[in-house]
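**Q** Dropping in model_11.tsv, which is TSV, C-alpha atoms:
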chain	number	residue	atom	x	y	z
A	21	VAL	CA	47.86	0.58	-0.22
A	22	TRP	CA	44.25	-0.29	-1.01
A	23	THR	CA	43.16	-0.70	-4.61
A	24	ALA	CA	39.48	-0.58	-5.63
A	25	ALA	CA	38.23	-3.03	-8.24
A	26	ARG	CA	34.80	-3.83	-9.64
A	27	LEU	CA	33.86	-7.50	-9.61
A	28	THR	CA	31.07	-8.59	-11.94
A	29	ARG	CA	29.14	-11.70	-11.04
A	30	PRO	CA	25.90	-12.98	-12.59
A	31	LEU	CA	22.64	-12.55	-10.63
A	32	THR	CA	20.28	-15.47	-11.08
A	33	VAL	CA	16.80	-16.19	-9.70
A	34	GLN	CA	15.85	-19.59	-8.29
A	35	THR	CA	12.43	-20.65	-6.98
A	36	ALA	CA	12.64	-22.49	-3.66
A	37	VAL	CA	10.12	-24.31	-1.49
A	38	ILE	CA	10.80	-23.92	2.25
A	39	SER	CA	9.03	-25.82	5.02
A	40	GLY	CA	9.25	-25.51	8.77
A	41	ILE	CA	7.60	-26.30	12.08
A	42	LEU	CA	7.44	-24.12	15.18
A	43	THR	CA	8.80	-25.50	18.46
A	44	GLN	CA	8.19	-24.57	22.06
A	45	GLU	CA	11.57	-22.86	22.26
A	46	GLY	CA	11.15	-20.64	19.22
A	47	GLY	CA	8.85	-19.13	16.65
A	48	LEU	CA	8.89	-18.33	12.98
A	49	ALA	CA	12.43	-16.94	12.80
A	50	ASP	CA	13.79	-19.90	14.76
A	51	ALA	CA	11.97	-22.37	12.49
A	52	LEU	CA	13.42	-20.68	9.40
A	53	GLN	CA	16.93	-20.93	10.82
A	54	ARG	CA	16.47	-24.62	11.57
A	55	ALA	CA	15.33	-25.05	7.95
A	56	GLY	CA	18.64	-23.58	6.81
A	57	GLU	CA	17.22	-20.16	5.90
A	58	THR	CA	17.77	-16.64	7.23
A	59	GLU	CA	15.50	-14.69	9.56
A	60	GLY	CA	14.86	-12.08	6.87
A	61	LEU	CA	11.98	-14.14	5.49
A	62	ALA	CA	10.06	-14.12	8.78
A	63	GLY	CA	8.69	-10.59	8.45
A	64	PRO	CA	7.13	-11.01	4.98
A	65	ILE	CA	5.58	-14.37	5.93
A	66	ALA	CA	4.01	-12.86	9.04
A	67	ASP	CA	2.84	-9.81	7.10
A	68	VAL	CA	0.98	-11.93	4.55
A	69	PHE	CA	-1.22	-13.30	7.34
A	70	GLY	CA	-1.12	-10.12	9.43
A	71	TYR	CA	-4.78	-9.36	8.68
A	72	GLU	CA	-5.97	-12.91	9.35
A	73	LEU	CA	-3.76	-14.25	12.12
A	74	ASP	CA	-2.24	-12.71	15.24
A	75	LEU	CA	0.97	-14.72	15.20
A	76	PRO	CA	2.38	-13.33	18.47
A	77	ALA	CA	-0.80	-14.42	20.26
A	78	GLU	CA	-1.94	-17.45	18.31
A	79	SER	CA	1.17	-19.32	17.18
A	80	ARG	CA	1.84	-22.55	19.05
A	81	SER	CA	4.43	-25.29	19.12
A	82	GLY	CA	3.64	-27.69	16.29
A	83	ASP	CA	2.31	-25.06	13.88
A	84	ARG	CA	3.65	-25.61	10.36
A	85	PHE	CA	4.36	-23.38	7.41
A	86	GLN	CA	5.52	-23.70	3.83
A	87	VAL	CA	6.51	-20.99	1.38
A	88	VAL	CA	7.37	-20.71	-2.30
A	89	VAL	CA	9.86	-17.87	-2.66
A	90	GLU	CA	12.32	-16.58	-5.20
A	91	LYS	CA	15.96	-16.58	-4.15
A	92	HIS	CA	18.45	-14.25	-5.77
A	93	LEU	CA	21.85	-15.86	-6.20
A	94	LEU	CA	24.98	-13.82	-6.81
A	95	GLY	CA	27.69	-15.86	-8.41
A	96	GLY	CA	25.88	-19.01	-7.32
A	97	ALA	CA	25.71	-17.96	-3.64
A	98	PHE	CA	22.60	-16.76	-1.81
A	99	TYR	CA	22.27	-12.98	-1.98
A	100	ARG	CA	18.69	-12.09	-0.93
A	101	TYR	CA	15.07	-13.20	-1.07
A	102	GLY	CA	12.89	-12.03	-3.93
A	103	ARG	CA	9.14	-12.30	-4.41
A	104	LEU	CA	7.10	-14.39	-1.99
A	105	LEU	CA	4.93	-16.36	-4.43
A	106	ALA	CA	2.83	-18.53	-2.11
A	107	VAL	CA	2.65	-19.32	1.58
A	108	GLN	CA	0.56	-21.58	3.77
A	109	TYR	CA	0.38	-21.79	7.54
A	110	GLN	CA	-1.40	-24.35	9.68
A	111	GLY	CA	-2.25	-23.87	13.32
A	112	ARG	CA	-4.82	-25.52	15.51
A	113	GLY	CA	-7.54	-23.36	13.98
A	114	GLY	CA	-6.98	-24.63	10.44
A	115	ALA	CA	-4.86	-23.96	7.39
A	116	LEU	CA	-4.39	-20.58	5.71
A	117	ARG	CA	-3.08	-20.28	2.15
A	118	ALA	CA	-2.12	-17.20	0.18
A	119	TYR	CA	-1.04	-16.67	-3.42
A	120	ARG	CA	0.69	-13.63	-4.87
A	121	PHE	CA	-1.09	-11.98	-7.76
A	122	VAL	CA	-0.84	-8.61	-9.50
A	123	VAL	CA	-4.16	-6.92	-10.28
A	124	PRO	CA	-3.51	-4.20	-12.87
A	125	GLY	CA	-4.20	-0.75	-11.45
A	126	ALA	CA	-4.82	-1.95	-7.90
A	127	SER	CA	-2.80	-0.68	-4.93
A	128	SER	CA	-1.22	-3.21	-2.59
A	129	ALA	CA	-1.96	-3.35	1.14
A	130	PHE	CA	1.32	-5.19	1.74
A	131	ARG	CA	4.15	-2.75	2.33
A	132	PHE	CA	6.89	-5.31	1.70
A	133	ASP	CA	5.46	-5.97	-1.79
A	134	PRO	CA	3.94	-2.75	-3.20
A	135	GLU	CA	3.13	-4.31	-6.58
A	136	ALA	CA	1.00	-7.30	-5.62
A	137	GLY	CA	-1.72	-8.55	-3.32
A	138	TYR	CA	-2.20	-11.92	-1.63
A	139	TYR	CA	-5.38	-13.94	-2.13
A	140	ASN	CA	-6.81	-17.32	-1.11
A	141	GLU	CA	-7.87	-20.00	-3.59
A	142	ARG	CA	-11.20	-18.24	-4.25
A	143	GLY	CA	-9.53	-14.97	-5.11
A	144	GLU	CA	-10.52	-13.26	-1.83
A	145	SER	CA	-7.96	-10.79	-0.53
A	146	LEU	CA	-6.18	-11.59	2.71
A	147	ALA	CA	-5.91	-7.87	3.39
A	148	ARG	CA	-8.50	-6.23	5.62
A	149	SER	CA	-9.06	-2.79	7.06
A	150	TRP	CA	-7.47	-3.81	10.40
A	151	LEU	CA	-4.33	-5.77	11.26
A	152	ARG	CA	-4.69	-8.49	13.88
A	153	SER	CA	-1.64	-7.45	15.89
A	154	PRO	CA	0.14	-4.15	16.59
A	155	VAL	CA	3.40	-6.00	17.27
A	156	ARG	CA	5.56	-6.08	14.19
A	157	LEU	CA	7.22	-9.43	13.55
A	158	GLY	CA	10.59	-8.39	12.24
A	159	SER	CA	13.62	-10.17	10.88
A	160	ARG	CA	15.49	-10.49	14.18
A	161	GLY	CA	14.54	-13.22	16.59
A	162	ALA	CA	14.30	-10.73	19.46
A	163	LEU	CA	11.52	-8.92	17.59
A	164	LEU	CA	9.72	-12.10	16.73
A	165	LEU	CA	9.43	-13.77	20.06
A	166	GLY	CA	10.39	-12.50	23.47
A	167	LEU	CA	7.91	-15.19	24.39
A	168	ASP	CA	7.78	-16.52	27.93
A	169	ARG	CA	6.06	-19.93	27.60
A	170	ARG	CA	5.53	-20.07	31.36
A	171	ARG	CA	2.69	-17.54	31.14
A	172	PRO	CA	-0.02	-16.74	28.58
A	173	TRP	CA	1.28	-14.34	25.94
A	174	PRO	CA	-0.09	-11.90	25.10
A	175	VAL	CA	-2.57	-11.46	27.94
A	176	ALA	CA	-5.92	-9.70	27.87
A	177	HIS	CA	-6.79	-8.11	31.18
A	178	LEU	CA	-9.40	-5.97	32.93
A	179	GLU	CA	-8.26	-2.92	34.85
A	180	ARG	CA	-10.02	-1.61	37.95
A	181	ARG	CA	-11.78	0.93	35.73
A	182	ALA	CA	-13.04	-1.93	33.52
A	183	LEU	CA	-10.69	-1.08	30.67
A	184	LEU	CA	-10.09	-4.13	28.51
A	185	GLY	CA	-6.77	-4.31	26.74
A	186	MET	CA	-4.00	-6.57	25.54
A	187	ASP	CA	-0.51	-6.87	26.97
A	188	TYR	CA	2.03	-8.09	24.41
A	189	SER	CA	5.13	-9.32	26.22
A	190	ALA	CA	8.02	-8.30	23.97
A	191	PRO	CA	11.64	-7.18	24.32
A	192	ALA	CA	12.32	-3.46	24.63
A	193	GLY	CA	12.81	-2.03	21.15
A	194	THR	CA	10.26	-4.30	19.45
A	195	VAL	CA	8.57	-2.46	16.57
A	196	VAL	CA	4.96	-1.34	17.16
A	197	ARG	CA	2.88	-0.65	14.05
A	198	ALA	CA	-0.43	0.99	13.21
A	199	VAL	CA	-3.23	-1.59	12.94
A	200	ALA	CA	-5.16	0.56	10.42
A	201	SER	CA	-5.14	3.87	8.60
A	202	GLY	CA	-6.03	6.89	10.72
A	203	LYS	CA	-4.83	10.08	12.39
A	204	VAL	CA	-2.84	10.77	15.55
A	205	LEU	CA	-5.12	12.06	18.33
A	206	ALA	CA	-2.83	12.41	21.32
A	207	ARG	CA	0.70	11.70	22.48
A	208	SER	CA	2.25	11.39	25.92
A	209	ALA	CA	6.04	11.44	25.95
A	210	ARG	CA	6.69	10.54	29.58
A	211	PRO	CA	8.89	7.42	29.67
A	212	ALA	CA	8.97	7.37	33.48
A	213	ALA	CA	5.17	7.49	33.87
A	214	ALA	CA	3.11	4.43	34.74
A	215	ARG	CA	2.07	3.98	31.10
A	216	GLY	CA	5.37	5.19	29.66
A	217	VAL	CA	5.09	6.86	26.27
A	218	THR	CA	1.57	6.45	24.89
A	219	LEU	CA	-0.01	7.18	21.53
A	220	THR	CA	-3.70	7.32	20.65
A	221	VAL	CA	-4.74	7.01	17.01
A	222	ALA	CA	-8.22	7.48	15.55
A	223	HIS	CA	-9.00	4.74	13.04
A	224	GLY	CA	-12.36	5.91	11.72
A	225	GLY	CA	-14.89	5.40	14.52
A	226	THR	CA	-12.33	3.39	16.47
A	227	GLU	CA	-9.58	4.68	18.75
A	228	ALA	CA	-6.51	2.61	19.56
A	229	THR	CA	-4.08	3.42	22.38
A	230	TYR	CA	-0.54	2.07	22.26
A	231	GLY	CA	1.03	2.22	25.71
A	232	HIS	CA	4.33	1.39	27.45
A	233	LEU	CA	6.33	2.59	24.46
A	234	GLY	CA	9.98	3.44	24.95
A	235	ARG	CA	9.83	6.08	22.23
A	236	LEU	CA	7.76	7.20	19.28
A	237	ALA	CA	8.71	7.10	15.62
A	238	ARG	CA	9.68	10.40	14.05
A	239	GLY	CA	7.08	12.68	12.50
A	240	LEU	CA	4.13	11.60	14.65
A	241	VAL	CA	2.59	14.97	15.49
A	242	ASP	CA	-1.06	15.55	16.44
A	243	GLY	CA	-3.21	15.17	13.35
A	244	ALA	CA	-0.57	13.25	11.38
A	245	ALA	CA	-1.95	10.59	9.06
A	246	VAL	CA	-0.80	6.98	9.52
A	247	ARG	CA	-1.00	3.99	7.22
A	248	PRO	CA	-1.65	0.32	8.08
A	249	GLY	CA	1.60	-1.27	9.17
A	250	GLN	CA	3.38	2.07	9.64
A	251	VAL	CA	5.91	2.11	12.48
A	252	LEU	CA	4.49	4.11	15.40
A	253	GLY	CA	7.11	3.45	18.03
A	254	TYR	CA	9.05	0.87	19.96
A	255	VAL	CA	8.22	-1.18	23.03
A	256	GLY	CA	9.63	0.21	26.26
A	257	ALA	CA	9.96	-1.17	29.76
A	258	ALA	CA	7.33	-0.54	32.44
A	259	PRO	CA	8.72	0.69	35.78
A	260	ALA	CA	9.40	-1.98	38.39
A	261	ALA	CA	7.01	-0.24	40.78
A	262	THR	CA	4.84	2.89	40.85
A	263	PRO	CA	3.32	4.73	43.83
A	264	GLY	CA	0.18	3.02	45.09
A	265	ARG	CA	0.58	-0.02	42.86
A	266	ALA	CA	2.08	-3.44	43.25
A	267	PRO	CA	5.47	-4.06	41.61
A	268	VAL	CA	5.32	-5.16	38.01
A	269	THR	CA	6.61	-8.69	37.51
A	270	PRO	CA	9.77	-9.07	35.39
A	271	ALA	CA	7.74	-10.81	32.67
A	272	LEU	CA	5.65	-7.65	32.24
A	273	ARG	CA	8.38	-5.02	32.54
A	274	SER	CA	8.86	-5.02	28.79
A	275	HIS	CA	5.56	-5.08	26.94
A	276	LEU	CA	3.05	-3.21	24.82
A	277	HIS	CA	-0.33	-2.28	26.29
A	278	PHE	CA	-2.91	-2.10	23.49
A	279	ALA	CA	-6.45	-0.83	24.14
A	280	VAL	CA	-9.28	-0.21	21.67
A	281	ARG	CA	-12.47	1.86	21.91
A	282	VAL	CA	-15.28	1.62	19.36
A	283	SER	CA	-17.62	4.64	19.43
A	284	GLY	CA	-16.21	5.44	22.86
A	285	LYS	CA	-16.80	1.95	24.28
A	286	VAL	CA	-13.86	-0.22	25.27
A	287	THR	CA	-13.75	-3.34	23.08
A	288	ASP	CA	-11.73	-6.55	23.01
A	289	PRO	CA	-9.34	-6.03	20.04
A	290	GLN	CA	-9.51	-9.71	19.11
A	291	LYS	CA	-13.27	-9.51	18.57
A	292	LEU	CA	-13.12	-6.84	15.87
A	293	ARG	CA	-14.43	-7.89	12.45
A	294	PRO	CA	-12.73	-5.62	9.89
A	295	ALA	CA	-13.89	-5.38	6.28
A	296	ARG	CA	-12.04	-7.37	3.63
A	297	GLU	CA	-10.27	-5.62	0.76
A	298	SER	CA	-11.43	-6.11	-2.85
A	299	ALA	CA	-11.19	-9.57	-4.38
A	300	VAL	CA	-9.60	-10.44	-7.70
A	301	PRO	CA	-11.87	-8.88	-10.38
A	302	ALA	CA	-13.93	-11.23	-12.52
A	303	ALA	CA	-11.95	-10.24	-15.59
A	304	GLN	CA	-8.75	-11.43	-13.90
A	305	GLN	CA	-10.08	-14.64	-12.35
A	306	GLY	CA	-8.91	-16.83	-15.21
A	307	ALA	CA	-5.33	-15.59	-14.99
A	308	PHE	CA	-5.45	-15.85	-11.19
A	309	GLN	CA	-6.64	-19.48	-11.21
A	310	ASP	CA	-3.89	-20.37	-13.71
A	311	ALA	CA	-1.31	-18.85	-11.35
A	312	VAL	CA	-2.80	-20.72	-8.38
A	313	LYS	CA	-2.68	-24.07	-10.18
A	314	GLY	CA	0.97	-23.55	-11.00
A	315	LEU	CA	1.81	-22.83	-7.36
A	316	GLN	CA	-0.41	-25.48	-5.76
A	317	GLY	CA	1.73	-28.19	-7.27
A	318	LYS	CA	4.70	-26.90	-5.28
A	319	LEU	CA	2.88	-26.87	-1.92
A	320	SER	CA	2.22	-29.97	0.14
A	321	PRO	CA	-1.41	-30.29	1.28
A	322	PHE	CA	-1.73	-29.68	5.01
A	323	PRO	CA	-4.38	-31.87	6.67
A	324	LEU	CA	-7.03	-30.14	8.74
A	325	PRO	CA	-6.49	-30.43	12.52
A	326	THR	CA	-8.51	-32.79	14.68
A	327	VAL	CA	-8.59	-30.48	17.72
A	328	ALA	CA	-11.04	-27.64	18.22
A	329	PRO	CA	-9.96	-24.11	17.20
A	330	ARG	CA	-8.54	-22.08	20.05
A	331	GLY	CA	-9.91	-18.75	21.22
A	332	PRO	CA	-8.16	-15.73	22.70
A	333	VAL	CA	-6.22	-16.22	25.90
A	334	LEU	CA	-7.78	-14.23	28.74
A	335	ALA	CA	-6.47	-13.65	32.25
A	336	ARG	CA	-7.29	-11.18	34.99
A	337	LEU	CA	-4.16	-9.33	36.07
A	338	GLY	CA	-5.27	-6.09	37.74
A	339	THR	CA	-3.81	-2.75	36.74
A	340	PRO	CA	-0.91	-2.63	34.28
Kindly return the structure encoded in the file as structure tokens.

**A**
Amino acid sequence: VWTAARLTRPLTVQTAVISGILTQEGGLADALQRAGETEGLAGPIADVFGYELDLPAESRSGDRFQVVVEKHLLGGAFYRYGRLLAVQYQGRGGALRAYRFVVPGASSAFRFDPEAGYYNERGESLARSWLRSPVRLGSRGALLLGLDRRRPWPVAHLERRALLGMDYSAPAGTVVRAVASGKVLARSARPAAARGVTLTVAHGGTEATYGHLGRLARGLVDGAAVRPGQVLGYVGAAPAATPGRAPVTPALRSHLHFAVRVSGKVTDPQKLRPARESAVPAAQQGAFQDAVKGLQGKLSPFPLPTVAPRGPVLARLGTP
């Protein structure tokens, strides 16, 4: 016989500082686990820099991060993560820092924290009109990495028809998100076709095509509005071979093909320069700087790198 009982335990909030370093074998989720934390913090950290940094493409072994986050403790034991107060990330291109701040009356561009925005030391928003990567870094390691270090990842390539795009090598089922607000233009639900399930979204004067999807998210009909970061679908697996084409290598059988056209002209997605969201208003700058000073004391200063910043990885692969 089972008997139900209600157990009451106190919920307390503790501010923690977490540091980690990426290794060749793993990425952000792996580094968090080695620091004694859970993978659930990986998504919010990646989302903070999602407008500035394409972590799937640009993260490298040796990159470092540090976060100031609230931990909710239930009866003295870890229960969940709370607000992400500050985060800094250093790669070969330099150090990025972000501080959480609530601007009264302003809407947040960060879906995991609808109340606040994230700003650098000068009060400039880290949010822009366009995310750097359509691949959603989730809480599970399989969503974060799927990274084959033996080949460039992701890979930009030119097709025979001179169509420039990006191939993001990722496990089947990896979340694919909208890089900006827009409307659905066209859908192709043919998983067995050469491009698999594809989705084209109009983002203002820019069109983005998400190809090699296994399936689309629900509710994506022609003309449907999408928001930045909204789930559009999930990575599928390209066929091993298609008529008239060479077999697809195992490393490319599970990937997202991402292509962008600006005013009808195919464009390298990594060369887009989206507009930055509004900065902290002048009337709020004093309160913002006070908040920054309180958080800066918890972060260790990252030295600037001595190597030159890296650019996008390009390789010619032929047709996808």

**Q** Counting only C-alpha atoms, which residues in stretch 65-141 of chain A sit no more than 8 Å from stretch 43-59 of chain A? For each one, give the nearest pair of atoms and the distance in Å, sorted by chain then residue number, as JSON lines.

**A**
{"residue": "A:Ser79", "atom": "CA", "partner": "A:Gly47", "partner_atom": "CA", "distance": 7.7}
{"residue": "A:Arg80", "atom": "CA", "partner": "A:Gln44", "partner_atom": "CA", "distance": 7.3}
{"residue": "A:Ser81", "atom": "CA", "partner": "A:Thr43", "partner_atom": "CA", "distance": 4.4}
{"residue": "A:Gly82", "atom": "CA", "partner": "A:Thr43", "partner_atom": "CA", "distance": 6.0}
{"residue": "A:Asp83", "atom": "CA", "partner": "A:Thr43", "partner_atom": "CA", "distance": 8.0}

**Q** For a quick check of understanding, using all atoms listed in the file, which of A:Val217, A:Glu227, A:Asp187, A:Leu233 has the smallest distance to A:Val199?

**A**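 Once distances to A:Val199 are computed over all atoms listed in the file, the minimum belongs to A:Glu227.
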
**Q** Could you give me, as a PyMOL selection string, the residues within 12 Å of A:Glu135, counting all atoms listed in the file and dropping anything in the same chain fewer than 2 positions from it?

**A** chain A and resi 103-104+120-133+137-138

**Q** I'd like to know which of A:Gln304, A:Pro191, A:Gly284, A:Ala200 is closest to A:Gly256, using only C-alpha atoms.

**A**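 So, comparing all the options, the nearest one is A:Pro191.
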
**Q** As a VMD selection string, please: the residues near A:Tyr99 (cut-off 12 Å, all atoms listed in the file, same-chain neighbours under 3 positions excluded).

**A** chain A and resid 29 to 34 57 to 58 60 90 to 96 102

**Q** Within 6 Å of (2.7, 6.0, 11.6) (file coordinates; only C-alpha atoms), which protein or nucleic acid residues are there? I'd like them as a ChimeraX atom specification.

**A** /A:246,250-252

**Q** Would you work out the distance separating atom CA of A:Gly111 from atom CA of A:Glu78, expressed in Å to one decimal?

**A**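 A separation of 8.1 Å between them.
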
**Q** Which polymer residues have any atom within 8 Å of an atom of A:Pro294, counting all atoms listed in the file, with same-chain residues fewer than 4 positions away left out, as a PyMOL selection string?

**A** chain A and resi 148-150

**Q** Got a sec: who's within 7 Å of A:Val155, counting all atoms listed in the file, leaving out chain neighbours fewer than 2 positions off, as a PyMOL selection string?

**A** chain A and resi 153+157+195-197
